[in-house]
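Shown next: input-v9.tsv, containing TSV, C-alpha atoms.
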chain	number	residue	atom	x	y	z
A	806	MET	CA	35.94	101.90	134.01
A	807	THR	CA	38.23	99.66	131.94
A	808	ILE	CA	37.66	99.74	128.22
A	809	HIS	CA	38.68	96.55	126.39
A	810	THR	CA	39.72	97.05	122.81
A	811	ASN	CA	39.15	94.16	120.42
A	812	PRO	CA	42.40	93.64	118.55
A	813	ASP	CA	42.44	93.17	114.78
A	814	ILE	CA	43.57	89.57	115.01
A	815	GLU	CA	44.30	89.05	111.33
A	816	THR	CA	46.50	92.15	111.24
A	817	ILE	CA	48.28	91.11	114.44
A	818	LYS	CA	48.94	87.60	113.16
A	819	ALA	CA	50.20	88.88	109.81
A	820	ARG	CA	52.57	91.16	111.71
A	821	MET	CA	53.70	88.26	113.93
A	822	LYS	CA	54.41	86.09	110.91
A	823	ASP	CA	56.35	88.93	109.31
A	824	THR	CA	58.32	89.43	112.53
A	825	TRP	CA	59.36	85.79	112.82
A	826	SER	CA	60.17	85.67	109.11
A	827	ALA	CA	62.63	88.54	109.58
A	828	GLY	CA	66.28	88.07	110.45
A	829	ASP	CA	67.46	84.49	110.93
A	830	PHE	CA	66.06	82.99	114.12
A	831	GLY	CA	68.12	79.84	113.64
A	832	GLN	CA	71.19	81.88	114.59
A	833	ILE	CA	69.54	82.72	117.93
A	834	ALA	CA	67.89	79.35	118.53
A	835	LYS	CA	71.16	77.42	118.58
A	836	TYR	CA	72.12	79.15	121.83
A	837	ILE	CA	68.94	77.87	123.52
A	838	ARG	CA	69.31	74.35	122.12
A	839	PRO	CA	71.03	72.86	125.22
A	840	GLU	CA	68.10	73.98	127.40
A	841	ALA	CA	65.64	72.49	124.92
A	842	GLU	CA	67.40	69.15	125.17
A	843	LYS	CA	67.13	69.25	128.97
A	844	PHE	CA	63.43	70.12	128.71
A	845	ILE	CA	62.81	67.12	126.45
A	846	ALA	CA	64.88	64.79	128.64
A	847	ARG	CA	62.55	65.59	131.56
A	848	ARG	CA	59.53	64.44	129.54
A	849	ASN	CA	60.44	60.73	129.65
A	850	ILE	CA	58.99	60.24	126.17
A	851	LYS	CA	58.07	56.69	125.15
A	852	PRO	CA	58.84	55.44	121.61
A	853	ASP	CA	55.18	54.73	120.84
A	854	TRP	CA	53.97	58.24	121.75
A	855	LYS	CA	52.54	60.77	119.36
A	856	VAL	CA	54.06	64.15	120.19
A	857	LEU	CA	53.05	67.60	118.97
A	858	ASP	CA	55.43	70.57	119.19
A	859	VAL	CA	53.40	73.79	118.97
A	860	ALA	CA	55.19	76.90	117.67
A	861	CYS	CA	58.15	74.62	117.06
A	862	GLY	CA	60.41	77.25	115.49
A	863	THR	CA	63.58	75.74	114.05
A	864	GLY	CA	63.09	72.38	115.75
A	865	ASN	CA	64.94	72.82	119.04
A	866	THR	CA	62.50	70.58	120.92
A	867	ALA	CA	60.98	68.55	118.06
A	868	ILE	CA	64.31	67.01	117.00
A	869	PRO	CA	65.40	65.71	120.44
A	870	ALA	CA	61.84	64.45	120.97
A	871	ALA	CA	62.08	62.52	117.69
A	872	LYS	CA	65.38	60.98	118.80
A	873	THR	CA	63.43	59.07	121.48
A	874	GLY	CA	61.69	57.15	118.69
A	875	ALA	CA	58.37	58.98	119.15
A	876	ASN	CA	56.17	60.05	116.24
A	877	VAL	CA	56.69	63.84	116.28
A	878	THR	CA	54.86	66.63	114.48
A	879	GLY	CA	55.91	70.27	114.64
A	880	VAL	CA	53.77	73.26	113.69
A	881	ASP	CA	54.65	76.93	113.33
A	882	ILE	CA	53.25	80.02	111.60
A	883	ALA	CA	56.54	80.94	109.89
A	884	ASP	CA	57.54	79.03	106.75
A	885	ASN	CA	61.19	80.05	107.02
A	886	LEU	CA	61.47	78.57	110.52
A	887	LEU	CA	59.90	75.33	109.31
A	888	ALA	CA	62.39	75.17	106.44
A	889	GLN	CA	65.25	75.46	108.93
A	890	ALA	CA	63.63	72.82	111.14
A	891	ARG	CA	63.46	70.38	108.21
A	892	THR	CA	67.12	71.00	107.44
A	893	TYR	CA	68.05	70.45	111.09
A	894	ALA	CA	66.07	67.19	111.15
A	895	ARG	CA	67.91	65.92	108.06
A	896	GLN	CA	71.24	66.84	109.63
A	897	GLU	CA	70.31	64.90	112.77
A	898	ASP	CA	68.91	62.00	110.71
A	899	VAL	CA	65.50	61.97	112.38
A	900	SER	CA	61.99	62.00	110.95
A	901	VAL	CA	59.65	64.83	111.99
A	902	GLU	CA	56.53	66.03	110.19
A	903	PHE	CA	56.76	69.82	110.05
A	904	GLU	CA	53.79	71.82	108.82
A	905	GLU	CA	52.37	75.30	108.99
A	906	GLY	CA	49.92	75.72	111.85
A	907	ASP	CA	48.45	78.24	114.26
A	908	ALA	CA	48.58	77.61	118.02
A	909	GLU	CA	45.08	79.12	118.25
A	910	ASP	CA	43.62	76.81	115.59
A	911	LEU	CA	45.58	73.57	115.45
A	912	PRO	CA	44.89	71.44	112.34
A	913	PHE	CA	44.42	68.17	114.23
A	914	GLU	CA	41.60	66.00	115.51
A	915	ASP	CA	40.54	66.02	119.15
A	916	GLN	CA	42.61	63.88	121.52
A	917	SER	CA	45.30	63.06	118.93
A	918	PHE	CA	48.53	63.31	120.95
A	919	ASP	CA	50.05	61.68	124.03
A	920	LEU	CA	52.23	64.74	124.64
A	921	VAL	CA	51.85	68.34	123.49
A	922	ILE	CA	54.84	70.59	124.04
A	923	SER	CA	55.78	74.21	123.45
A	924	MET	CA	59.00	75.90	124.52
A	925	PHE	CA	58.92	79.70	124.38
A	926	GLY	CA	56.53	79.52	121.42
A	927	ALA	CA	52.81	79.20	122.13
A	928	MET	CA	53.19	81.87	124.83
A	929	LEU	CA	53.58	84.43	122.00
A	930	ALA	CA	50.14	83.87	120.45
A	931	PRO	CA	47.82	86.86	120.97
A	932	ARG	CA	44.80	84.99	122.44
A	933	PRO	CA	46.00	82.79	125.30
A	934	GLU	CA	42.55	81.45	126.14
A	935	ARG	CA	42.33	79.96	122.63
A	936	VAL	CA	45.83	78.53	122.93
A	937	ALA	CA	44.96	76.85	126.23
A	938	ALA	CA	41.76	75.40	124.73
A	939	GLU	CA	43.57	74.09	121.64
A	940	LEU	CA	46.45	72.54	123.58
A	941	THR	CA	43.93	70.74	125.76
A	942	ARG	CA	41.67	69.73	122.88
A	943	VAL	CA	44.34	67.85	120.92
A	944	THR	CA	45.77	66.04	123.98
A	945	LYS	CA	44.59	62.50	124.75
A	946	PRO	CA	42.95	61.71	128.11
A	947	ASN	CA	45.77	61.16	130.65
A	948	GLY	CA	48.17	62.74	128.17
A	949	GLN	CA	50.31	65.72	129.07
A	950	ILE	CA	50.79	69.32	128.01
A	951	ALA	CA	54.33	70.53	128.78
A	952	LEU	CA	55.20	74.20	128.37
A	953	ALA	CA	58.27	76.33	128.97
A	954	ASN	CA	57.43	80.02	129.32
A	955	TRP	CA	59.68	82.96	130.17
A	956	THR	CA	58.77	84.64	133.47
A	957	PRO	CA	58.10	88.40	133.66
A	958	SER	CA	60.96	88.97	136.10
A	959	GLY	CA	63.55	86.85	134.30
A	960	PHE	CA	66.10	88.16	131.81
A	961	VAL	CA	64.11	87.49	128.63
A	962	GLY	CA	60.97	88.84	130.32
A	963	GLN	CA	62.86	92.03	131.08
A	964	VAL	CA	64.05	92.28	127.47
A	965	MET	CA	60.42	91.98	126.34
A	966	LYS	CA	59.45	94.69	128.82
A	967	ALA	CA	62.24	97.00	127.62
A	968	THR	CA	61.23	96.53	123.99
A	969	ALA	CA	57.53	97.08	124.80
A	970	LYS	CA	58.40	100.57	126.11
A	971	TYR	CA	59.16	101.54	122.52
A	972	VAL	CA	56.86	99.16	120.60
A	973	PRO	CA	53.88	98.35	122.85
A	974	VAL	CA	51.92	95.13	122.58
A	975	PRO	CA	48.74	95.84	120.53
A	976	PRO	CA	45.70	96.96	122.57
A	977	GLY	CA	43.63	94.02	123.73
A	978	VAL	CA	46.56	91.57	123.65
A	979	PRO	CA	47.82	90.53	127.10
A	980	ALA	CA	51.52	90.61	127.88
A	981	PHE	CA	53.18	87.45	126.58
A	982	THR	CA	55.03	86.92	129.85
A	983	LEU	CA	51.77	86.34	131.73
A	984	TRP	CA	52.26	82.75	130.58
A	985	GLY	CA	55.20	82.81	133.00
A	986	ASP	CA	53.03	83.87	135.95
A	987	GLU	CA	51.88	80.96	138.11
A	988	LYS	CA	48.48	82.40	139.03
A	989	THR	CA	47.69	83.19	135.41
A	990	VAL	CA	48.72	79.71	134.29
A	991	HIS	CA	46.35	78.14	136.83
A	992	GLU	CA	43.53	80.30	135.48
A	993	ARG	CA	44.24	79.46	131.86
A	994	LEU	CA	44.82	75.73	132.30
A	995	ARG	CA	41.86	74.67	134.38
A	996	ASP	CA	39.32	73.20	131.95
A	997	GLN	CA	39.71	69.44	131.40
A	998	ILE	CA	42.94	69.39	133.41
A	999	ALA	CA	43.28	66.74	136.15
A	1000	ASN	CA	46.65	67.83	137.52
A	1001	LEU	CA	48.87	70.86	137.07
A	1002	GLN	CA	52.51	71.01	138.17
A	1003	ILE	CA	54.74	74.09	137.88
A	1004	ALA	CA	58.48	74.30	138.42
A	1005	HIS	CA	60.97	77.14	138.04
A	1006	HIS	CA	64.04	76.58	135.86
A	1007	VAL	CA	66.88	78.77	134.65
A	1008	ALA	CA	68.19	78.71	131.09
A	1009	ASP	CA	71.93	79.29	130.63
A	1010	ILE	CA	72.46	81.31	127.45
A	1011	LYS	CA	76.05	81.92	126.39
A	1012	PHE	CA	77.13	84.08	123.47
A	1013	PRO	CA	80.82	84.17	122.39
A	1014	LEU	CA	80.46	87.92	121.91
A	1015	SER	CA	80.82	91.07	123.99
A	1016	VAL	CA	77.65	92.76	125.25
A	1017	PRO	CA	77.55	95.38	122.45
A	1018	GLU	CA	78.24	92.64	119.90
A	1019	THR	CA	75.49	90.46	121.40
A	1020	VAL	CA	72.94	93.27	121.09
A	1021	ALA	CA	74.08	93.89	117.50
A	1022	PHE	CA	73.75	90.14	116.87
A	1023	HIS	CA	70.12	90.28	118.04
A	1024	ARG	CA	69.44	93.36	115.91
A	1025	THR	CA	70.66	91.42	112.90
A	1026	TYR	CA	69.17	87.98	113.47
A	1027	PHE	CA	66.33	88.16	116.01
A	1028	GLY	CA	63.15	89.21	114.21
A	1029	PRO	CA	61.36	90.84	117.18
A	1030	ILE	CA	64.38	93.01	118.02
A	1031	GLN	CA	65.08	93.81	114.38
A	1032	LYS	CA	61.47	94.84	113.79
A	1033	ALA	CA	61.36	96.87	117.02
A	1034	PHE	CA	64.27	99.00	115.84
A	1035	GLU	CA	62.67	99.42	112.41
A	1036	ALA	CA	59.33	100.47	113.94
A	1037	ILE	CA	60.60	103.37	116.04
A	1038	PRO	CA	61.86	106.79	114.89
A	1039	GLN	CA	65.56	107.12	114.13
A	1040	ASP	CA	66.21	109.29	117.18
A	1041	LYS	CA	64.73	106.63	119.53
A	1042	ARG	CA	66.92	103.79	118.29
A	1043	PRO	CA	70.00	104.74	120.34
A	1044	LEU	CA	67.77	104.74	123.44
A	1045	LEU	CA	66.55	101.20	122.79
A	1046	GLN	CA	70.13	100.16	122.03
A	1047	ARG	CA	71.22	101.66	125.36
A	1048	ASP	CA	68.44	99.94	127.31
A	1049	LEU	CA	69.22	96.55	125.81
A	1050	GLU	CA	72.95	96.90	126.42
A	1051	GLU	CA	72.27	97.90	130.03
A	1052	LEU	CA	70.10	94.82	130.53
A	1053	PHE	CA	72.69	92.48	129.05
A	1054	LYS	CA	75.38	94.10	131.21
A	1055	LYS	CA	73.23	93.82	134.35
A	1056	TYR	CA	72.58	90.10	133.82
A	1057	ASN	CA	75.94	89.16	132.32
A	1058	LYS	CA	77.79	86.61	134.44
A	1059	ALA	CA	80.82	86.29	132.18
A	1060	THR	CA	84.11	87.67	133.41
A	1061	ASP	CA	85.79	87.74	130.01
A	1062	ASP	CA	84.72	89.57	126.86
A	1063	THR	CA	81.73	87.28	126.26
A	1064	THR	CA	78.08	87.32	127.35
A	1065	HIS	CA	76.50	84.74	129.65
A	1066	VAL	CA	72.98	85.38	130.92
A	1067	GLU	CA	70.62	83.24	132.94
A	1068	SER	CA	66.91	83.56	132.29
A	1069	GLU	CA	64.16	82.09	134.46
A	1070	TYR	CA	61.26	80.21	132.93
A	1071	LEU	CA	58.28	78.25	134.18
A	1072	GLU	CA	57.99	74.59	133.27
A	1073	ILE	CA	54.31	73.69	133.27
A	1074	VAL	CA	53.08	70.10	133.08
A	1075	ALA	CA	49.31	69.66	132.82
A	1076	THR	CA	47.68	66.23	132.76
A	1077	ARG	CA	44.53	65.98	130.66
A	1078	LYS	CA	41.39	64.50	132.21

Now, as a test, write the supplied structure out as structure tokens.
Amino acid sequence: MTIHTNPDIETIKARMKDTWSAGDFGQIAKYIRPEAEKFIARRNIKPDWKVLDVACGTGNTAIPAAKTGANVTGVDIADNLLAQARTYARQEDVSVEFEEGDAEDLPFEDQSFDLVISMFGAMLAPRPERVAAELTRVTKPNGQIALANWTPSGFVGQVMKATAKYVPVPPGVPAFTLWGDEKTVHERLRDQIANLQIAHHVADIKFPLSVPETVAFHRTYFGPIQKAFEAIPQDKRPLLQRDLEELFKKYNKATDDTTHVESEYLEIVATRK
């Protein structure tokens, strides 16, 4: 018999907010920015569209979406990421409305947006069924939901798996990378969806650092990795360090003293009924 444990959602969300407030995610996000621009280019956004970027982080997808002339809003649970997103928008001379918001309880009216996007963000919310319902709820009829989610077998999925060996996902919370599993996506995005298309893409992520330096970089700036090291006993930290370095070495395609990994993700485009 399987026993399902109800997670303490408020505690989990407070911990998530604390995690993404740690480090300096903007230092990590800039290395994914080229892939975000490709993701937005594939959306064929029209200037008169209203676009919502859920779990927008530091603005990687919201800013290029705004450059199309669309009316863009970005929401995230972490104030520090929103502050960086506003700075990035000013630097790029575009207008985006950034506000605090929860992917499981979006502060918008039903059927408000022509396009709802999330790149490697909404997949991290603890209750995916609520995320799916909210993404659908705020999308206009015939509008689209476009998601980019890391796959379980891809590089980032494997990093998540390696970290979860030491700091498990809370009981009752499904693995985040299930949003990168095609069957699961079909199950989650079925209500009020007229058409669902899924494609596999690979993100090129290049760091001008050696593998050990890249892992150290993540320990310093990437909140989830930083917090994972803090959460485990001192004697376990070298083991996590070893596992991460081995993963980066395994996936590294660079032939010089830098790090170049490719990580698979699913691109999901759902059309609202």

Can you tell me, as a PyMOL selection string, which residues sit within 10 Å of (74.1, 83.1, 131.5) in the file's frame, using only C-alpha atoms?
chain A and resi 960+1007-1012+1053+1056-1059+1064-1068

Residue nearest Glu1050 in chain A - candidates A:Asn1000, A:Val964, A:Ala890, A:Glu987, atoms counted: all atoms listed in the file
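Ranked by minimum distance to Glu1050 in chain A, first place goes to A:Val964.
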
For Glu1051 in chain A, the nearest of the candidates A:Asn865, A:Thr1019, A:Thr941, A:Asn849, counting all atoms listed in the file:
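Of A:Asn865, A:Thr1019, A:Thr941, A:Asn849, the one nearest Glu1051 in chain A is A:Thr1019, counting all atoms listed in the file.
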
Can you tell me how far CA of Tyr1070 in chain A sits from CA of Leu920 in chain A, in Å to one decimal?
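It comes out at 19.7 Å.
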
Contacts between range 818-832 of chain A and range 974-1066 of chain A, please, where a residue of range 974-1066 of chain A counts if it comes within 10 Å (with only C-alpha atoms); show its shortest atom pair and distance in Å to one decimal, rows by chain and ascending number, as a tab-separated table.
residue	atom	partner	partner_atom	distance
A:Phe1022	CA	A:Gln832	CA	8.9
A:His1023	CA	A:Gly828	CA	8.8
A:Arg1024	CA	A:Gly828	CA	8.2
A:Thr1025	CA	A:Gly828	CA	6.0
A:Tyr1026	CA	A:Gly828	CA	4.2
A:Phe1027	CA	A:Phe830	CA	5.5
A:Gly1028	CA	A:Ala827	CA	4.7
A:Pro1029	CA	A:Thr824	CA	5.7
A:Ile1030	CA	A:Thr824	CA	8.9
A:Gln1031	CA	A:Gly828	CA	7.1
A:Lys1032	CA	A:Thr824	CA	6.4
A:Ala1033	CA	A:Thr824	CA	9.2

Considering all atoms listed in the file, state which residue in the set A:Ile922, A:Leu1001, A:Ala867, A:Ala930 is at the smallest distance from Ala951 in chain A.
A:Ile922

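You can rank A:Glu934, A:Asp1062, A:Glu914, A:Glu902 by their closest distance to Arg993 in chain A using all atoms listed in the file, and at the top of that list sits A:Glu934.
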
Do you have the CA of Gly926 in chain A-CA of Ile882 in chain A distance handy?
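Distance reported for this atom pair: 10.4 Å.
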
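Each of A:Val1020, A:Ile1073, A:Val921, A:Ile1003 was checked against Lys945 in chain A using only C-alpha atoms; the smallest atom-to-atom distance is that of A:Val921.
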
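A straight line drawn from CA of Phe1034 in chain A to CA of Thr1060 in chain A is 28.8 Å long.
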
With distances taken over only C-alpha atoms, which of A:Ile837, A:Ile1037, A:Val1074, A:Val978 is nearest to Gly948 in chain A?
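Among the listed residues, A:Val1074 lies closest to Gly948 in chain A.
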
What's the 12 Å shell around Gln1002 in chain A, counting all atoms listed in the file, without same-chain residues fewer than 3 positions away, as number ranges by chain?
A: 949-952, 987, 990-991, 994-995, 998-999, 1005, 1071-1076
